[in-house]
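Asks: File data.txt follows (compact mmCIF, C-alpha atoms):
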# COMPACT_ATOMS: atom_id res chain seq x y z
CA MET A 1 49.20 65.30 -0.10
CA ALA A 2 46.12 63.11 0.05
CA ALA A 3 44.95 61.81 3.41
CA LYS A 4 45.00 58.07 4.02
CA LYS A 5 41.64 56.29 4.05
CA SER A 6 40.55 54.60 7.24
CA LYS A 7 39.90 50.84 7.22
CA LYS A 8 36.16 51.40 7.38
CA ALA A 9 36.25 53.94 4.57
CA ALA A 10 38.37 51.64 2.40
CA LYS A 11 36.00 48.71 2.86
CA ALA A 12 32.91 50.88 2.37
CA THR A 13 34.18 52.17 -0.97
CA GLY A 14 34.95 48.67 -2.20
CA ASP A 15 38.74 48.98 -2.28
CA LEU A 16 40.37 45.61 -2.72
CA ILE A 17 43.69 44.67 -1.19
CA ILE A 18 44.23 42.15 -3.97
CA SER A 19 45.09 43.11 -7.54
CA LYS A 20 42.52 42.13 -10.14
CA SER A 21 45.05 42.18 -12.96
CA ARG A 22 47.59 40.06 -11.08
CA THR A 23 44.90 37.62 -9.98
CA LYS A 24 43.69 37.23 -13.55
CA ALA A 25 47.28 36.80 -14.78
CA ALA A 26 47.87 34.04 -12.20
CA VAL A 27 44.89 32.04 -13.49
CA LYS A 28 46.12 29.96 -16.43
CA LYS A 29 43.28 27.73 -17.65
CA SER A 30 40.07 29.37 -16.40
CA ASN A 31 38.10 32.56 -16.61
CA VAL A 32 37.60 34.74 -13.53
CA SER A 33 34.10 35.93 -12.64
CA SER A 34 33.67 39.46 -11.36
CA ASP A 35 32.44 38.31 -7.95
CA PHE A 36 35.51 36.07 -7.46
CA TYR A 37 37.66 39.11 -6.66
CA GLY A 38 35.47 40.12 -3.71
CA ALA A 39 35.47 36.58 -2.35
CA LEU A 40 39.26 36.34 -2.71
CA ASP A 41 39.69 39.72 -1.03
CA SER A 42 37.48 38.58 1.86
CA ALA A 43 39.48 35.36 2.25
CA VAL A 44 42.78 37.27 2.28
CA ARG A 45 41.46 39.75 4.85
CA GLY A 46 40.40 36.80 7.02
CA MET A 47 43.86 35.24 6.73
CA ILE A 48 45.49 38.53 7.72
CA ALA A 49 43.16 38.93 10.72
CA GLY A 50 43.96 35.39 11.85
CA ALA A 51 47.68 36.02 11.45
CA GLU A 52 47.40 39.19 13.53
CA LYS A 53 45.65 37.30 16.34
CA ARG A 54 48.29 34.56 16.32
CA ALA A 55 51.18 37.05 16.37
CA GLU A 56 49.55 38.97 19.22
CA ALA A 57 48.96 35.75 21.16
CA ASN A 58 52.67 35.01 20.78
CA GLY A 59 53.65 38.47 22.07
CA ARG A 60 54.73 39.84 18.69
CA LYS A 61 53.73 42.86 16.66
CA THR A 62 55.29 41.50 13.48
CA LEU A 63 53.45 39.07 11.23
CA ARG A 64 55.59 36.12 10.17
CA PRO A 65 54.96 33.37 7.60
CA GLN A 66 54.13 30.83 10.30
CA ASP A 67 51.21 33.03 11.40
CA LEU A 68 49.36 31.99 8.26
How would this structure read if it were set down as structure tokens?
Replies:
Amino acid sequence: MAAKKSKKAAKATGDLIISKSRTKAAVKKSNVSSDFYGALDSAVRGMIAGAEKRAEANGRKTLRPQDL
């Protein structure tokens, strides 16, 4: 069984947490540049980090929709 990658290793190798194919499928009337995916991934990671901070500040370990 393959070992899980650490967060630092995942980011260093360029692994995205968003799906390029699903992102492209969601865009109806425009083209998607190759650097858009990295920017979207960065924005999503920022949203997740903010949600984690809010949940922690509220004494929870579970992220909920209102944390976004």
Asks: Mind giving me the straight-line distance from atom CA of A:Thr62 to atom CA of A:Ile17 in Å, one decimal?
Replies: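 Separating atom CA of A:Thr62 from atom CA of A:Ile17 is a distance of 19.0 Å.
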Asks: What is the distance, in Å and to one decimal place, between atom CA of A:Arg45 and atom CA of A:Lys61?
Replies: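 Distance between the two atoms: 17.3 Å.
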Asks: Pick the closest to A:Met47 from A:Thr23, A:Gly14, A:Asn31, A:Gln66: which is it, counting only C-alpha atoms?
Replies: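 Going through A:Thr23, A:Gly14, A:Asn31, A:Gln66 one by one, the smallest distance to A:Met47 is for A:Gln66.
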Asks: If we count all atoms listed in the file and set the cut-off at 9 Å, which residues sit around A:Lys53, ignoring sequence neighbours fewer than 5 positions away in its own chain? Please answer as an NGL selection string.
Replies: :A and (48 or 58 or 67)
Asks: Would you save the residues from that selection as a JSON list (two decimals), keeping the file's coordinate frame, using C-alpha atoms?
Replies:
[["chain", "number", "residue", "atom", "x", "y", "z"],
["A", 48, "ILE", "CA", 45.49, 38.53, 7.72],
["A", 58, "ASN", "CA", 52.67, 35.01, 20.78],
["A", 67, "ASP", "CA", 51.21, 33.03, 11.40]]
Asks: Excluding stretch 32-41 of chain A and residues on its chain fewer than 3 positions from it, collect all residues at most 7 Å away from it, counting only C-alpha atoms, and give them as a tab-separated table (two decimals) with C-alpha atoms, in the coordinates of the input.
Replies:
chain	number	residue	atom	x	y	z
A	16	LEU	CA	40.37	45.61	-2.72
A	17	ILE	CA	43.69	44.67	-1.19
A	18	ILE	CA	44.23	42.15	-3.97
A	20	LYS	CA	42.52	42.13	-10.14
A	24	LYS	CA	43.69	37.23	-13.55
A	44	VAL	CA	42.78	37.27	2.28
A	45	ARG	CA	41.46	39.75	4.85
Asks: In terms of the shortest atom-to-atom distance over only C-alpha atoms, which of A:Val27, A:Ala51, A:Asp15, A:Ala43 is closest to A:Leu68?
Replies: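 Once distances to A:Leu68 are computed over only C-alpha atoms, the minimum belongs to A:Ala51.
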Asks: Can you measure atom CA of A:Gly50 to atom CA of A:Leu63 for me? One decimal in Å is fine.
Replies: 10.2 Å
